[in-house]
Amino acid sequence: MGDRHEKGPVKRRRRTTIAGEAAGARAQRGGAGETLSGKVLESPTKKHDSNDGNNHRLSCHTLQESLLSSDSGYSNYRGILNWCVVMLVLTNARLFLENLIKYGILVDPIQVISLFLKDPYSWPALCLIIVSNVFIMAALYIERRLSVGTISESTGTFLHFINLAVILCFPAATVLTVTSMTPVGGVFALAVYTILFLKLYSYRDVNKWCREIRQAQARTLFRSHSCPSVHRANGCTGNTHVSYPGNLTHRDMFYFVFAPTLCYELNFPRSPRIRKRFLLRRLFEMLFLIQLMVGLIQQWMVPTVQNSMKPFQDMDFSRMVERLLKLAVPNHLIWLIFFYWFFHSSMNFVAELLQFGDREFYRDWWNSETVPYFWSNWNIPVHKWCLRHFYKPMLMRGANKLTAQIAVFFLSAFFHEYLVSVPLKMFRLWAFLGMMSQIPLAYFVGRYLRGNYGNAAVWMSLIIGQPVAVLMYVHDYYILHSGDASQSNAV
């Protein structure tokens, strides 16, 4: 009896435990529990899951837009961009292979040298660039005399005007009269003088503003620096600053002449050190890209331009359009390479050597939706100069914004024509008209095209507009020189 009394409760505990385990297992398997009466109840979760499953089987559509619709909000087109790049590479590879099969290898380094020199013993472009130091020194010594009051402000302005006028006229006269000057050498020399003109104009303006500030402070008997100072000075990386007239030194002047900017400051922002790896990368890019551009011009552009002369002479419109479109691809590719070579590789190389801190040489012009946005973002040094020394002074003199903008385009058109017509020794005004045509184009795009349509219009003007100007100048140059050659042969 004692044993039975001891075993009974133990058996009951085992039955209870087994029943609990079975109920837990059933709950895990089916989500159902068991009541005291033994009835099985279905859990709410299982009922909800079964309803969702039935809904999914009955309905598979939701309210949504297609990915390519503008209302979808989808913007990840990276795969399509990669596809465009692949198609562009394959298309140009086919054109390049076709060019090689048709013309063979046309790249000739000796011919490149002949573009700069007619006579190996005559270097007129280099001599012309060396002479530019005379005008640099003239500007410096004029400012020194003005700083000590030896000459009056009006006399200094007159002397600066003469110096700047000679900077533009003297190289142009030299290029036009010296027979050994090649067109490429002339373009290079005139580009150097144009940059020098803009730099010395800025140099004169800033020093004049410093004198005005100094005179105003002297009148109020306020003793302080005449210009705002920062913690770096031109030509050195110490913690000193330059104030007027302490900036009127040879070191300061030639630092500004070689710095990758057109706008003068007494204290430029400076980088702390020269990064050698960065410098070597930029140098490699400069050497590689210049050879690539020369090779593409000789191999691709020159044959296309030569084959375009006959349709222009015969005035075959359909063939002219075909030649124009065929020239547009290599011309635009070379222009893009030139942009990267000059504004990124070359200017960063010079800036790194001089520890010049402001490296904003361009902005996102490729996203331009208007023509003015492109012209104000693709060449930041020129844009800053025009804004600081031309556009804002016109507004201060009472001109309205439209007049000032047209005047800026006019100035740009003049220098474009100056850099093309003078070296070619012919005046056709195609570059001038091309720049001035940007004014009505800017009005049309800004008024009627928005967003992606405006960006496409800007790209079209770049891709098509440049080849038109190239063909016009090459055609006129070819007609002019072929006429001269035929006359000499007849004589």
# chains A, B, ... in the order shown; residues from 1 in each chain; ligands from 1
call {"tool": "residues_around", "arguments": {"residues": "Ser202 of chain A", "least_positions_apart": "3", "cutoff": "8 Å", "atoms": "only C-alpha atoms", "output": "JSON list (two decimals) with N, CA and C atoms, in the first residue's frame"}}
result
[["chain", "number", "residue", "atom", "x", "y", "z"],
["A", 198, "LEU", "N", 44.80, 90.11, -69.44],
["A", 198, "LEU", "CA", 43.78, 89.99, -68.40],
["A", 198, "LEU", "C", 44.39, 90.06, -67.01],
["A", 199, "LYS", "N", 45.55, 89.45, -66.82],
["A", 199, "LYS", "CA", 46.21, 89.47, -65.52],
["A", 199, "LYS", "C", 46.64, 90.88, -65.14],
["A", 205, "ASP", "N", 43.73, 97.04, -61.40],
["A", 205, "ASP", "CA", 42.50, 97.33, -60.67],
["A", 205, "ASP", "C", 42.65, 97.12, -59.17],
["A", 206, "VAL", "N", 43.24, 95.99, -58.77],
["A", 206, "VAL", "CA", 43.33, 95.67, -57.35],
["A", 206, "VAL", "C", 44.23, 96.67, -56.63],
["A", 262, "LEU", "N", 43.36, 84.48, -63.19],
["A", 262, "LEU", "CA", 43.42, 85.76, -63.88],
["A", 262, "LEU", "C", 43.15, 86.93, -62.95],
["A", 263, "CYS", "N", 42.71, 86.64, -61.73],
["A", 263, "CYS", "CA", 42.33, 87.68, -60.78],
["A", 263, "CYS", "C", 43.41, 87.82, -59.71],
["A", 264, "TYR", "N", 43.89, 89.04, -59.56],
["A", 264, "TYR", "CA", 44.99, 89.29, -58.62],
["A", 264, "TYR", "C", 44.46, 89.47, -57.20],
["A", 385, "TRP", "N", 37.09, 86.67, -63.70],
["A", 385, "TRP", "CA", 37.65, 87.92, -64.18],
["A", 385, "TRP", "C", 36.54, 88.80, -64.77],
["A", 389, "HIS", "N", 35.90, 92.30, -62.91],
["A", 389, "HIS", "CA", 36.51, 93.47, -63.54],
["A", 389, "HIS", "C", 35.72, 94.05, -64.71]]
call {"tool": "select_by_dssp", "arguments": {"residues": "segment 180-298 of chain A", "states": "alpha helix (DSSP H)", "output": "PyMOL selection string"}}
result
chain A and resi 183-219+250-258+276-296
call {"tool": "residues_around", "arguments": {"residues": "Leu128 of chain A", "least_positions_apart": "6", "cutoff": "12 Å", "atoms": "only C-alpha atoms", "output": "ChimeraX atom specification"}}
result
/A:122,134-135,167,170-175,178,181,185-193
call {"tool": "write_last_selection", "arguments": {"atoms": "C-alpha atoms", "output": "PDB file, in the first residue's frame"}}
result
ATOM      1  CA  SER A 122      64.012  80.723 -86.192  1.00  0.00           C
ATOM      2  CA  VAL A 134      58.958  94.010 -70.762  1.00  0.00           C
ATOM      3  CA  PHE A 135      55.240  94.658 -70.288  1.00  0.00           C
ATOM      4  CA  ILE A 167      50.146  94.026 -75.207  1.00  0.00           C
ATOM      5  CA  PHE A 170      52.343  94.329 -80.651  1.00  0.00           C
ATOM      6  CA  PRO A 171      52.026  90.508 -80.838  1.00  0.00           C
ATOM      7  CA  ALA A 172      49.259  90.778 -83.439  1.00  0.00           C
ATOM      8  CA  ALA A 173      51.439  92.983 -85.647  1.00  0.00           C
ATOM      9  CA  THR A 174      54.370  90.606 -85.179  1.00  0.00           C
ATOM     10  CA  VAL A 175      52.325  87.536 -86.122  1.00  0.00           C
ATOM     11  CA  VAL A 178      56.774  87.793 -89.573  1.00  0.00           C
ATOM     12  CA  MET A 181      55.498  82.518 -87.776  1.00  0.00           C
ATOM     13  CA  GLY A 185      52.890  79.204 -83.035  1.00  0.00           C
ATOM     14  CA  GLY A 186      50.896  82.392 -83.514  1.00  0.00           C
ATOM     15  CA  VAL A 187      47.928  80.984 -81.570  1.00  0.00           C
ATOM     16  CA  PHE A 188      50.218  79.972 -78.715  1.00  0.00           C
ATOM     17  CA  ALA A 189      51.952  83.363 -78.534  1.00  0.00           C
ATOM     18  CA  LEU A 190      48.693  85.331 -78.751  1.00  0.00           C
ATOM     19  CA  ALA A 191      47.113  83.138 -76.068  1.00  0.00           C
ATOM     20  CA  VAL A 192      50.000  83.976 -73.726  1.00  0.00           C
ATOM     21  CA  TYR A 193      49.618  87.696 -74.419  1.00  0.00           C
TER      22      TYR A 193
END
call {"tool": "residues_around", "arguments": {"residues": "segment 465-470 of chain A", "least_positions_apart": "2", "cutoff": "12 Å", "atoms": "only C-alpha atoms", "output": "ChimeraX atom specification"}}
result
/A:301-302,304-306,308-309,312,320-335,416-417,420-421,428-435,437-438,441,457-463,472-478
call {"tool": "residues_around", "arguments": {"residues": "Tyr340 of chain A", "least_positions_apart": "5", "cutoff": "12 Å", "atoms": "only C-alpha atoms", "output": "PyMOL selection string"}}
result
chain A and resi 282+285-286+288-290+293+333-335+345-348+361-362+378-379
call {"tool": "atom_distance", "arguments": {"atom1": "atom CA of Leu196 of chain A", "atom2": "atom CA of Tyr255 of chain A"}}
result
12.7 Å
call {"tool": "select_by_dssp", "arguments": {"residues": "segment 205-392 of chain A", "states": "strand (DSSP E or B)", "output": "list in words"}}
result
Ala233, Cys236, Arg270 and Phe356 of chain A
